[in-house]
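Just run-v3.cif here, mmCIF, C-alpha atoms and all ligand atoms:
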```cif
data_target
#
loop_
_atom_site.label_atom_id
_atom_site.label_comp_id
_atom_site.auth_asym_id
_atom_site.auth_seq_id
_atom_site.Cartn_x
_atom_site.Cartn_y
_atom_site.Cartn_z
CA MET A 1 34.01 -49.54 34.22
CA MET A 2 33.14 -46.66 36.59
CA ASN A 3 31.38 -47.33 39.85
CA ALA A 4 28.64 -45.03 41.15
CA CYS A 5 31.04 -43.14 43.32
CA ALA A 6 33.48 -42.42 40.54
CA ILE A 7 30.67 -41.32 38.25
CA SER A 8 29.31 -38.92 40.82
CA ALA A 9 32.79 -37.50 41.45
CA TRP A 10 33.32 -37.10 37.72
CA PHE A 11 29.91 -35.44 37.38
CA ARG A 12 30.69 -33.00 40.18
CA MET A 13 33.97 -32.10 38.53
CA LEU A 14 32.26 -31.55 35.18
CA MET A 15 29.56 -29.37 36.75
CA THR A 16 32.14 -27.33 38.64
CA THR A 17 34.17 -26.78 35.47
CA LEU A 18 31.07 -25.75 33.54
CA LEU A 19 29.83 -23.45 36.27
CA CYS A 20 33.23 -21.89 36.77
CA GLY A 21 33.54 -21.34 33.06
CA MET A 22 30.23 -19.49 33.07
CA CYS A 23 30.67 -17.36 36.13
CA GLY A 24 34.44 -17.47 36.63
CA THR A 25 34.82 -13.75 37.11
CA ALA A 26 32.10 -13.57 39.71
CA LEU A 27 33.59 -16.51 41.61
CA LEU A 28 37.09 -15.08 41.52
CA SER A 29 36.14 -11.63 42.65
CA GLY A 30 34.12 -13.23 45.47
CA ALA A 31 37.22 -15.14 46.60
CA ALA A 32 39.41 -12.06 46.38
CA ALA A 33 36.95 -10.07 48.46
CA GLN A 34 36.92 -12.86 51.01
CA GLU A 35 40.74 -12.84 51.16
CA SER A 36 41.00 -9.12 51.75
CA ARG A 37 38.54 -9.34 54.63
CA VAL A 38 40.08 -12.34 56.34
CA ALA A 39 43.73 -11.80 57.26
CA ALA A 40 45.91 -14.62 56.01
CA PRO A 41 47.30 -16.68 58.88
CA ALA A 42 50.82 -15.52 59.73
CA ALA A 43 52.94 -18.22 58.16
CA GLY A 44 56.41 -18.81 59.51
CA THR A 45 58.50 -17.03 62.09
CA LEU A 46 59.62 -13.40 62.20
CA ARG A 47 63.04 -14.66 61.27
CA GLN A 48 61.71 -16.34 58.11
CA ALA A 49 59.66 -13.30 57.18
CA GLY A 50 62.77 -11.15 57.68
CA GLU A 51 64.95 -13.45 55.58
CA ALA A 52 62.62 -13.01 52.64
CA ARG A 53 63.26 -9.26 53.00
CA HIS A 54 67.03 -9.62 53.58
CA LEU A 55 66.42 -8.14 56.98
CA THR A 56 68.01 -9.44 60.16
CA ILE A 57 65.54 -9.80 63.04
CA GLY A 58 67.27 -9.39 66.37
CA THR A 59 66.59 -9.24 70.05
CA ALA A 60 68.49 -8.45 73.23
CA ALA A 61 68.90 -11.43 75.53
CA ALA A 62 70.33 -12.46 78.89
CA ALA A 63 72.15 -15.72 79.58
CA SER A 64 70.37 -16.11 82.92
CA HIS A 65 67.02 -16.67 81.13
CA LEU A 66 68.25 -19.36 78.72
CA ALA A 67 67.27 -22.09 81.19
CA GLU A 68 63.59 -21.13 80.73
CA ALA A 69 62.27 -23.47 78.05
CA ASP A 70 59.83 -20.95 76.52
CA TYR A 71 62.45 -18.21 76.50
CA ALA A 72 65.02 -20.37 74.73
CA ALA A 73 62.51 -21.83 72.27
CA ILE A 74 61.28 -18.42 71.10
CA LEU A 75 64.74 -16.83 71.04
CA GLY A 76 66.21 -19.67 69.00
CA SER A 77 63.42 -19.89 66.44
CA GLU A 78 61.94 -16.42 65.93
CA PHE A 79 65.17 -14.39 65.71
CA SER A 80 68.18 -14.45 63.43
CA GLN A 81 70.32 -12.24 65.67
CA LEU A 82 71.11 -12.08 69.35
CA GLN A 83 72.61 -9.15 71.23
CA ALA A 84 73.65 -9.28 74.86
CA GLU A 85 71.35 -6.97 76.84
CA ASN A 86 74.06 -6.38 79.45
CA ALA A 87 76.74 -9.08 79.34
CA MET A 88 79.17 -7.31 77.00
CA LYS A 89 79.00 -3.88 78.64
CA PHE A 90 82.14 -2.61 80.36
CA GLY A 91 81.12 -3.33 83.96
CA PRO A 92 79.89 -6.91 83.47
CA ILE A 93 82.64 -7.96 81.08
CA HIS A 94 85.63 -6.14 82.62
CA PRO A 95 84.81 -6.05 86.33
CA ARG A 96 88.37 -5.93 87.65
CA PRO A 97 91.39 -3.78 86.77
CA ASP A 98 94.01 -4.99 84.33
CA THR A 99 96.45 -5.50 87.20
CA ASP A 100 94.16 -8.26 88.56
CA PRO A 101 95.07 -11.79 87.41
CA ASN A 102 91.52 -12.17 86.07
CA PRO A 103 90.25 -8.77 84.88
CA TYR A 104 87.60 -10.02 82.41
CA ASN A 105 84.47 -12.11 82.77
CA PHE A 106 83.35 -13.55 79.46
CA VAL A 107 81.10 -16.26 80.93
CA SER A 108 77.67 -14.77 80.12
CA GLY A 109 78.78 -13.30 76.80
CA ASP A 110 80.23 -16.64 75.76
CA ALA A 111 77.05 -18.48 76.77
CA LEU A 112 75.00 -16.13 74.58
CA VAL A 113 77.39 -16.55 71.65
CA ALA A 114 77.24 -20.35 72.04
CA PHE A 115 73.44 -20.25 72.07
CA ALA A 116 73.37 -18.03 68.98
CA GLN A 117 75.81 -20.22 67.09
CA SER A 118 73.89 -23.39 67.88
CA HIS A 119 70.74 -21.72 66.55
CA ASN A 120 72.37 -20.29 63.46
CA MET A 121 71.98 -16.70 64.63
CA VAL A 122 74.45 -13.84 64.20
CA VAL A 123 75.66 -11.84 67.22
CA ARG A 124 75.84 -8.06 67.54
CA GLY A 125 78.06 -6.53 70.23
CA HIS A 126 76.91 -3.87 72.72
CA THR A 127 78.73 -1.71 73.83
CA LEU A 128 82.38 -0.62 74.21
CA VAL A 129 82.22 3.08 75.12
CA TRP A 130 79.35 4.35 77.27
CA HIS A 131 78.88 6.43 80.41
CA ASN A 132 76.68 3.80 82.11
CA GLN A 133 77.40 0.41 83.65
CA LEU A 134 81.06 1.18 84.26
CA PRO A 135 82.88 -0.63 87.06
CA GLU A 136 84.03 1.35 90.10
CA TRP A 137 87.66 0.56 89.39
CA VAL A 138 87.20 2.83 86.34
CA THR A 139 84.88 5.50 87.77
CA LYS A 140 86.60 5.79 91.15
CA GLY A 141 90.14 5.02 90.05
CA ASN A 142 91.37 8.62 89.79
CA HIS A 143 93.07 7.79 86.52
CA SER A 144 94.84 10.42 84.47
CA PRO A 145 93.66 11.05 80.90
CA ALA A 146 96.63 9.07 79.60
CA GLN A 147 95.82 6.12 81.86
CA LEU A 148 92.15 6.23 80.90
CA GLY A 149 93.16 6.19 77.24
CA GLU A 150 95.24 3.08 77.86
CA ILE A 151 92.39 1.42 79.78
CA LEU A 152 89.89 2.06 77.00
CA HIS A 153 92.26 1.08 74.21
CA SER A 154 93.15 -2.17 75.89
CA HIS A 155 89.47 -2.86 76.75
CA ILE A 156 88.38 -2.44 73.12
CA LYS A 157 91.28 -4.56 71.92
CA THR A 158 90.69 -7.40 74.37
CA VAL A 159 86.90 -7.62 74.07
CA MET A 160 86.86 -7.35 70.29
CA ALA A 161 89.69 -9.85 69.91
CA HIS A 162 87.86 -12.28 72.18
CA TYR A 163 84.77 -12.08 69.96
CA ALA A 164 86.48 -11.69 66.59
CA SER A 165 84.68 -13.77 63.93
CA LYS A 166 81.84 -14.32 66.42
CA VAL A 167 80.45 -10.79 66.71
CA TYR A 168 79.89 -9.23 63.28
CA ALA A 169 79.06 -5.67 64.40
CA TRP A 170 79.63 -3.53 67.49
CA ASP A 171 77.99 -0.51 69.04
CA VAL A 172 81.43 0.99 69.58
CA VAL A 173 80.07 4.18 71.14
CA ASN A 174 76.67 4.48 72.82
CA GLU A 175 74.68 7.61 73.70
CA ALA A 176 77.41 10.23 73.44
CA PHE A 177 75.08 13.15 72.70
CA ASN A 178 72.58 15.18 74.72
CA ASP A 179 69.17 16.09 73.30
CA ASP A 180 70.44 19.56 72.38
CA GLY A 181 73.26 18.11 70.28
CA THR A 182 76.06 18.85 72.74
CA LEU A 183 78.27 16.04 73.97
CA HIS A 184 77.22 14.20 77.13
CA PRO A 185 79.78 14.55 79.92
CA THR A 186 81.51 11.23 80.59
CA ILE A 187 84.68 9.88 82.03
CA TRP A 188 85.80 9.15 78.47
CA TYR A 189 84.97 12.56 77.03
CA ASP A 190 85.65 15.29 79.59
CA GLN A 191 85.67 13.88 83.14
CA PRO A 192 88.60 13.96 82.73
CA GLY A 193 88.40 12.40 79.25
CA ILE A 194 90.96 10.31 77.45
CA GLY A 195 93.05 13.30 76.54
CA ALA A 196 92.23 13.05 72.90
CA GLY A 197 91.48 16.72 72.41
CA THR A 198 88.09 18.20 71.92
CA GLY A 199 84.62 17.38 70.62
CA THR A 200 84.05 14.02 69.02
CA LYS A 201 87.77 13.24 68.95
CA TYR A 202 87.36 10.55 71.63
CA ILE A 203 84.68 8.84 69.51
CA GLU A 204 87.02 8.93 66.53
CA LEU A 205 89.80 7.36 68.60
CA ALA A 206 87.50 4.59 69.86
CA LEU A 207 86.43 3.79 66.30
CA ARG A 208 90.04 3.65 65.12
CA TRP A 209 90.98 1.34 68.01
CA ALA A 210 87.96 -0.82 67.19
CA ARG A 211 88.93 -1.13 63.52
CA GLU A 212 92.44 -2.11 64.57
CA ALA A 213 91.13 -4.70 67.06
CA ASP A 214 88.87 -6.50 64.57
CA PRO A 215 89.13 -5.25 61.00
CA SER A 216 86.20 -7.39 59.88
CA ALA A 217 83.66 -6.08 62.39
CA LYS A 218 81.14 -3.42 61.36
CA LEU A 219 81.43 -0.38 63.60
CA PHE A 220 78.36 1.50 64.78
CA TYR A 221 77.43 4.64 66.68
CA ASN A 222 74.19 4.00 68.64
CA ASP A 223 71.78 6.43 70.32
CA TYR A 224 68.20 7.03 71.52
CA ASP A 225 65.75 9.83 70.71
CA ALA A 226 67.65 10.40 67.50
CA GLU A 227 65.02 8.72 65.32
CA GLU A 228 63.52 11.99 64.15
CA VAL A 229 65.34 14.86 62.53
CA ASN A 230 66.16 16.89 65.65
CA LYS A 231 69.14 18.53 67.38
CA LYS A 232 70.54 15.24 68.54
CA SER A 233 70.27 13.48 65.19
CA ASP A 234 71.64 16.63 63.48
CA ALA A 235 74.73 16.41 65.68
CA ILE A 236 75.15 12.69 64.97
CA TYR A 237 74.67 13.34 61.27
CA ALA A 238 77.28 16.12 61.25
CA MET A 239 79.73 13.82 63.04
CA ALA A 240 79.04 10.91 60.69
CA LYS A 241 79.50 13.13 57.66
CA ARG A 242 82.80 14.43 58.98
CA PHE A 243 83.98 10.92 59.84
CA LYS A 244 83.14 9.67 56.35
CA LYS A 245 85.01 12.58 54.78
CA ASN A 246 88.07 12.06 56.98
CA GLY A 247 88.24 8.28 56.67
CA VAL A 248 87.28 7.57 60.28
CA PRO A 249 86.02 3.97 60.36
CA LEU A 250 82.27 4.24 60.89
CA ASP A 251 80.05 1.70 59.14
CA GLY A 252 76.64 2.40 60.54
CA ILE A 253 74.24 4.10 62.90
CA GLY A 254 72.04 2.38 65.45
CA PHE A 255 68.66 3.96 66.21
CA GLN A 256 67.50 2.59 69.53
CA ALA A 257 63.79 3.39 69.05
CA HIS A 258 62.58 3.16 72.63
CA VAL A 259 59.22 4.80 72.01
CA GLY A 260 55.77 5.31 73.49
CA LEU A 261 52.44 5.64 71.71
CA HIS A 262 53.00 9.38 71.24
CA PHE A 263 55.43 8.37 68.50
CA ASP A 264 52.50 7.19 66.39
CA ASP A 265 52.18 10.54 64.70
CA PRO A 266 52.44 10.91 60.91
CA ALA A 267 54.82 13.86 61.30
CA LYS A 268 57.16 11.92 63.60
CA LEU A 269 57.12 8.82 61.41
CA ALA A 270 57.79 10.89 58.30
CA SER A 271 60.64 12.62 60.10
CA PHE A 272 62.09 9.21 61.05
CA ALA A 273 61.95 8.15 57.39
CA ARG A 274 63.65 11.40 56.31
CA ASN A 275 66.32 10.97 58.93
CA LEU A 276 67.06 7.38 57.87
CA LYS A 277 67.31 8.61 54.29
CA ARG A 278 69.91 11.28 55.00
CA PHE A 279 72.10 8.81 56.91
CA ALA A 280 71.64 6.24 54.13
CA LYS A 281 72.94 8.81 51.65
CA LEU A 282 76.21 8.92 53.57
CA GLY A 283 76.60 5.24 52.68
CA LEU A 284 76.01 4.08 56.25
CA GLU A 285 74.23 0.90 57.25
CA LEU A 286 71.20 1.56 59.44
CA HIS A 287 70.09 -0.62 62.33
CA ILE A 288 67.03 -0.31 64.51
CA THR A 289 68.69 -1.63 67.62
CA GLU A 290 66.48 -1.49 70.72
CA LEU A 291 62.87 -1.17 69.62
CA ASP A 292 60.15 -1.33 72.23
CA VAL A 293 56.79 0.44 72.54
CA ARG A 294 55.92 1.07 76.17
CA LEU A 295 52.32 1.30 77.36
CA ASN A 296 50.51 2.56 80.44
CA ASP A 297 48.21 -0.46 80.53
CA SER A 298 47.50 -3.69 78.70
CA SER A 299 43.94 -2.96 77.58
CA PRO A 300 42.92 -4.33 74.16
CA ALA A 301 42.88 -0.75 72.84
CA SER A 302 46.44 -0.09 74.02
CA LEU A 303 47.67 -3.39 72.61
CA ALA A 304 46.04 -2.57 69.27
CA ALA A 305 47.61 0.90 69.20
CA GLN A 306 50.96 -0.64 70.06
CA ALA A 307 50.59 -3.18 67.26
CA LYS A 308 49.87 -0.40 64.78
CA LEU A 309 53.02 1.50 65.75
CA TYR A 310 55.20 -1.61 65.70
CA GLY A 311 53.89 -2.31 62.19
CA GLU A 312 54.62 1.25 61.04
CA ILE A 313 58.19 1.22 62.35
CA THR A 314 58.79 -2.18 60.76
CA THR A 315 57.52 -0.79 57.45
CA LEU A 316 59.91 2.19 57.71
CA CYS A 317 62.83 -0.22 57.96
CA VAL A 318 61.50 -2.49 55.19
CA GLN A 319 61.14 0.51 52.88
CA GLN A 320 64.65 1.90 53.48
CA PRO A 321 67.17 -0.27 51.59
CA LYS A 322 70.03 0.62 53.98
CA CYS A 323 68.02 -0.52 57.00
CA LYS A 324 69.37 -4.02 57.59
CA LEU A 325 68.33 -4.82 61.14
CA LEU A 326 65.11 -4.70 63.09
CA GLN A 327 65.86 -5.54 66.70
CA THR A 328 63.66 -5.40 69.78
CA TRP A 329 64.99 -4.84 73.30
CA GLY A 330 64.04 -8.26 74.57
CA PHE A 331 60.97 -10.11 73.41
CA THR A 332 58.83 -11.02 76.43
CA ASP A 333 57.18 -8.56 78.82
CA LYS A 334 58.34 -10.93 81.56
CA HIS A 335 61.92 -9.70 81.15
CA SER A 336 61.62 -6.17 79.80
CA TRP A 337 63.69 -3.31 81.24
CA ILE A 338 60.75 -0.86 80.90
CA PRO A 339 58.91 -1.35 84.23
CA GLY A 340 62.17 -0.83 86.10
CA PHE A 341 63.05 2.40 84.27
CA TYR A 342 59.69 4.01 83.40
CA LYS A 343 57.46 4.04 86.45
CA GLY A 344 54.00 2.60 85.82
CA GLN A 345 54.78 1.64 82.23
CA GLY A 346 55.46 -1.70 80.62
CA TRP A 347 53.90 -4.25 78.22
CA ALA A 348 56.40 -3.04 75.63
CA LEU A 349 57.38 -6.19 73.72
CA LEU A 350 55.99 -8.72 71.24
CA TRP A 351 55.22 -11.57 73.67
CA ASP A 352 53.38 -11.08 76.95
CA ASP A 353 54.69 -12.21 80.33
CA LYS A 354 53.24 -15.71 79.73
CA TYR A 355 55.05 -16.01 76.40
CA GLN A 356 51.87 -15.52 74.39
CA LYS A 357 52.17 -13.60 71.14
CA LYS A 358 50.60 -10.15 71.31
CA PRO A 359 48.87 -8.24 68.49
CA ALA A 360 52.19 -6.43 67.98
CA TYR A 361 53.79 -9.72 66.95
CA GLU A 362 51.26 -10.18 64.16
CA ALA A 363 51.70 -6.56 63.09
CA VAL A 364 55.49 -6.91 62.75
CA HIS A 365 55.05 -10.20 60.93
CA ASP A 366 52.47 -8.72 58.55
CA ALA A 367 54.65 -5.67 57.86
CA LEU A 368 57.58 -7.97 57.02
CA ALA A 369 55.42 -10.22 54.84
CA LYS A 370 53.61 -7.42 52.99
C1 LIG A 401 69.44 -1.47 79.78
C2 LIG A 401 69.15 -2.93 80.13
O1 LIG A 401 68.03 -3.35 79.42
C3 LIG A 401 68.92 -3.07 81.62
O2 LIG A 401 68.81 -4.45 81.97
C4 LIG A 401 70.07 -2.43 82.39
O3 LIG A 401 69.78 -2.46 83.76
C5 LIG A 401 70.31 -1.00 81.96
O4 LIG A 401 70.50 -0.95 80.55
N1 LIG A 401 69.91 2.00 76.06
C6 LIG A 401 70.91 1.06 75.91
C7 LIG A 401 70.84 -0.22 76.63
O5 LIG A 401 71.81 1.26 75.08
O6 LIG A 401 72.09 -0.73 76.96
C8 LIG A 401 69.98 -0.10 77.87
O7 LIG A 401 69.83 -1.40 78.43
C9 LIG A 401 68.65 0.52 77.55
C10 LIG A 401 68.83 1.90 76.99
#
```
This structure in structure tokens:
Amino acid sequence: MMNACAISAWFRMLMTTLLCGMCGTALLSGAAAQESRVAAPAAGTLRQAGEARHLTIGTAAAASHLAEADYAAILGSEFSQLQAENAMKFGPIHPRPDTDPNPYNFVSGDALVAFAQSHNMVVRGHTLVWHNQLPEWVTKGNHSPAQLGEILHSHIKTVMAHYASKVYAWDVVNEAFNDDGTLHPTIWYDQPGIGAGTGTKYIELALRWAREADPSAKLFYNDYDAEEVNKKSDAIYAMAKRFKKNGVPLDGIGFQAHVGLHFDDPAKLASFARNLKRFAKLGLELHITELDVRLNDSSPASLAAQAKLYGEITTLCVQQPKCKLLQTWGFTDKHSWIPGFYKGQGWALLWDDKYQKKPAYEAVHDALAK
């Protein structure tokens, strides 16, 4: 026997079925219209959205911030990759000469690796050969080319061996080119250089030493302002092509993507896509390694424009099958390098300085989930 309640529930169900049968199309199209107007709530983390796309979602991090609860919680849940912002650079990791009983300092790098491992994240290494953040014992040591070659070889060998099976990919060489496509003067290249000969020969040597040091690591060349097809990216492309032809071990290219709102230009974005495509055709893996979008203020309009550009760059990576990593240079405006390097600018990342998600977060998430 049915009680009154059950009868009324049954009656409602019957009426709904009948009504839906009669005007099903109208009801459905109404619901669809509703859906397209109201954005679906962003389900899951960036990391989960990236996994569905087979895309690693990375960020640069510093060991000194891990004690901040919000910092650690976001880092360990939203990202599937961690890269040391500074800890694995030459100066911080190799502060004393090899003649010292304790030439290396792996403390911060090891802390970051331990954090990553305990949160099931992969680690990307940055960087072995660069003109910045070198210790004085290297820059002021008056070493001969032969000595410098030995220093660099042994540095690459020691650091990569220390992180073998923990760091899956390395920016072996960082920022070797000028905007006009010529090589940037450095102690490793021509001041006095490692004596390897001319042109990109020192980059080739570094890559060969890196392959020897950890044969399972993926080896990258990384640079900034080489997102578009321009003189710098042409020079990198020519080098990569030559390296591929000659069997020099190069597995991928890192595009830093430190941009401002001026980059939100259809011609620039199309050029970025074209550039990624030509590198992809060489069989190289492509990583967006240091993405941030700096602003002059944090007005709602600026944050919206920033979100749009973040979404567009994410989509470029999603649409290019060889693009395997989308990484931002930090994640909270509280700890971004931008205010210190670009006067008056900032607000460049996905979380604000109070660890609140910004519109850019939703835009990246939506572009991954699309
Ligand atoms: C920056 C760090 O974010 C700063 O903390 C540091 O003081 C200087 O270097 N390109 C790179 C990164 O390859 O290593 C730089 O990182 C940012 C530009």
When you look at stretch 208-222 of chain A with a cut-off of 6 Å (counting all atoms listed in the file), what residues show up, excluding the ones that are within fewer than 4 positions of it in the same chain? I need them as a ChimeraX atom specification.
/A:157,160,168-174,250-254
Residue among A:Trp188, A:Trp337, A:Phe79, A:Trp137 lying closest to ligand LIG 401 (chain A), counting only C-alpha atoms and all ligand atoms
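For ligand LIG 401 (chain A), the nearest of the candidates is A:Trp337.
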Please identify all polymer residues within 7 Å of A:Ala304, counting all atoms listed in the file, omitting same-chain residues fewer than 4 positions from it, and present them as a CSV table (one decimal) with C-alpha atoms, in the frame of the given file.
```
chain,number,residue,atom,x,y,z
A,300,PRO,CA,42.9,-4.3,74.2
A,308,LYS,CA,49.9,-0.4,64.8
A,359,PRO,CA,48.9,-8.2,68.5
```
Hey, which residues come within 8 Å of ligand LIG 401 (chain A) if we count only C-alpha atoms and all ligand atoms? Could you give them as a ChimeraX atom specification?
/A:85-86,89,126-127,132-133,174-175,222-224,256,258,290,329-330,336-338
Taking all atoms listed in the file into account, name the residue in A:Ser64, A:Gln191, A:Ser77, A:Gln83 that is nearest to A:Leu326.
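The closest residue to A:Leu326 is A:Gln83.
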Any chance you could model all heavy atoms for stretch 79-88 of chain A and send them as a PDB file, in the frame of the given file?
```pdb
ATOM      1  N   PHE A  79      64.195 -15.452  65.963  1.00  0.00           N
ATOM      2  CA  PHE A  79      65.170 -14.390  65.710  1.00  0.00           C
ATOM      3  C   PHE A  79      66.399 -14.905  64.979  1.00  0.00           C
ATOM      4  O   PHE A  79      66.822 -16.044  65.204  1.00  0.00           O
ATOM      5  CB  PHE A  79      65.578 -13.729  67.040  1.00  0.00           C
ATOM      6  CG  PHE A  79      64.421 -13.077  67.742  1.00  0.00           C
ATOM      7  CD1 PHE A  79      63.684 -13.755  68.704  1.00  0.00           C
ATOM      8  CD2 PHE A  79      64.024 -11.789  67.397  1.00  0.00           C
ATOM      9  CE1 PHE A  79      62.582 -13.169  69.324  1.00  0.00           C
ATOM     10  CE2 PHE A  79      62.927 -11.187  68.011  1.00  0.00           C
ATOM     11  CZ  PHE A  79      62.211 -11.881  68.976  1.00  0.00           C
ATOM     12  N   SER A  80      66.957 -14.053  64.139  1.00  0.00           N
ATOM     13  CA  SER A  80      68.180 -14.450  63.430  1.00  0.00           C
ATOM     14  C   SER A  80      69.407 -13.757  64.010  1.00  0.00           C
ATOM     15  O   SER A  80      70.521 -13.974  63.546  1.00  0.00           O
ATOM     16  CB  SER A  80      68.051 -14.141  61.932  1.00  0.00           C
ATOM     17  OG  SER A  80      67.660 -12.803  61.738  1.00  0.00           O
ATOM     18  N   GLN A  81      69.200 -12.911  65.009  1.00  0.00           N
ATOM     19  CA  GLN A  81      70.320 -12.240  65.670  1.00  0.00           C
ATOM     20  C   GLN A  81      70.072 -12.131  67.171  1.00  0.00           C
ATOM     21  O   GLN A  81      68.938 -11.917  67.619  1.00  0.00           O
ATOM     22  CB  GLN A  81      70.500 -10.828  65.118  1.00  0.00           C
ATOM     23  CG  GLN A  81      71.509 -10.011  65.929  1.00  0.00           C
ATOM     24  CD  GLN A  81      71.755  -8.638  65.353  1.00  0.00           C
ATOM     25  OE1 GLN A  81      72.224  -8.499  64.232  1.00  0.00           O
ATOM     26  NE2 GLN A  81      71.420  -7.616  66.107  1.00  0.00           N
ATOM     27  N   LEU A  82      71.155 -12.254  67.899  1.00  0.00           N
ATOM     28  CA  LEU A  82      71.110 -12.080  69.350  1.00  0.00           C
ATOM     29  C   LEU A  82      72.102 -10.986  69.732  1.00  0.00           C
ATOM     30  O   LEU A  82      73.202 -10.908  69.174  1.00  0.00           O
ATOM     31  CB  LEU A  82      71.491 -13.423  69.993  1.00  0.00           C
ATOM     32  CG  LEU A  82      71.366 -13.612  71.493  1.00  0.00           C
ATOM     33  CD1 LEU A  82      71.266 -15.114  71.792  1.00  0.00           C
ATOM     34  CD2 LEU A  82      72.525 -13.019  72.238  1.00  0.00           C
ATOM     35  N   GLN A  83      71.695 -10.159  70.685  1.00  0.00           N
ATOM     36  CA  GLN A  83      72.610  -9.150  71.230  1.00  0.00           C
ATOM     37  C   GLN A  83      72.527  -9.226  72.749  1.00  0.00           C
ATOM     38  O   GLN A  83      71.425  -9.332  73.305  1.00  0.00           O
ATOM     39  CB  GLN A  83      72.200  -7.765  70.727  1.00  0.00           C
ATOM     40  CG  GLN A  83      73.053  -6.638  71.280  1.00  0.00           C
ATOM     41  CD  GLN A  83      72.846  -5.338  70.509  1.00  0.00           C
ATOM     42  OE1 GLN A  83      72.924  -5.316  69.289  1.00  0.00           O
ATOM     43  NE2 GLN A  83      72.562  -4.270  71.209  1.00  0.00           N
ATOM     44  N   ALA A  84      73.663  -9.208  73.392  1.00  0.00           N
ATOM     45  CA  ALA A  84      73.650  -9.280  74.860  1.00  0.00           C
ATOM     46  C   ALA A  84      73.010  -8.014  75.411  1.00  0.00           C
ATOM     47  O   ALA A  84      73.454  -6.909  75.081  1.00  0.00           O
ATOM     48  CB  ALA A  84      75.068  -9.430  75.382  1.00  0.00           C
ATOM     49  N   GLU A  85      72.004  -8.154  76.271  1.00  0.00           N
ATOM     50  CA  GLU A  85      71.350  -6.970  76.840  1.00  0.00           C
ATOM     51  C   GLU A  85      72.306  -6.240  77.786  1.00  0.00           C
ATOM     52  O   GLU A  85      72.300  -5.012  77.850  1.00  0.00           O
ATOM     53  CB  GLU A  85      70.077  -7.372  77.578  1.00  0.00           C
ATOM     54  CG  GLU A  85      69.304  -6.181  78.127  1.00  0.00           C
ATOM     55  CD  GLU A  85      67.924  -6.540  78.656  1.00  0.00           C
ATOM     56  OE1 GLU A  85      67.504  -7.701  78.525  1.00  0.00           O
ATOM     57  OE2 GLU A  85      67.270  -5.630  79.198  1.00  0.00           O
ATOM     58  N   ASN A  86      73.121  -6.984  78.507  1.00  0.00           N
ATOM     59  CA  ASN A  86      74.060  -6.380  79.450  1.00  0.00           C
ATOM     60  C   ASN A  86      75.457  -7.018  79.439  1.00  0.00           C
ATOM     61  O   ASN A  86      76.434  -6.366  79.810  1.00  0.00           O
ATOM     62  CB  ASN A  86      73.508  -6.477  80.884  1.00  0.00           C
ATOM     63  CG  ASN A  86      72.312  -5.564  81.107  1.00  0.00           C
ATOM     64  OD1 ASN A  86      72.421  -4.338  81.005  1.00  0.00           O
ATOM     65  ND2 ASN A  86      71.164  -6.146  81.371  1.00  0.00           N
ATOM     66  N   ALA A  87      75.537  -8.276  79.056  1.00  0.00           N
ATOM     67  CA  ALA A  87      76.740  -9.080  79.340  1.00  0.00           C
ATOM     68  C   ALA A  87      78.030  -8.550  78.725  1.00  0.00           C
ATOM     69  O   ALA A  87      79.114  -8.850  79.227  1.00  0.00           O
ATOM     70  CB  ALA A  87      76.511 -10.525  78.884  1.00  0.00           C
ATOM     71  N   MET A  88      77.939  -7.789  77.643  1.00  0.00           N
ATOM     72  CA  MET A  88      79.170  -7.310  77.000  1.00  0.00           C
ATOM     73  C   MET A  88      79.475  -5.845  77.306  1.00  0.00           C
ATOM     74  O   MET A  88      80.384  -5.250  76.726  1.00  0.00           O
ATOM     75  CB  MET A  88      79.104  -7.557  75.487  1.00  0.00           C
ATOM     76  CG  MET A  88      79.057  -9.045  75.122  1.00  0.00           C
ATOM     77  SD  MET A  88      79.151  -9.327  73.347  1.00  0.00           S
ATOM     78  CE  MET A  88      78.825 -11.108  73.272  1.00  0.00           C
TER      79      MET A  88
END
```
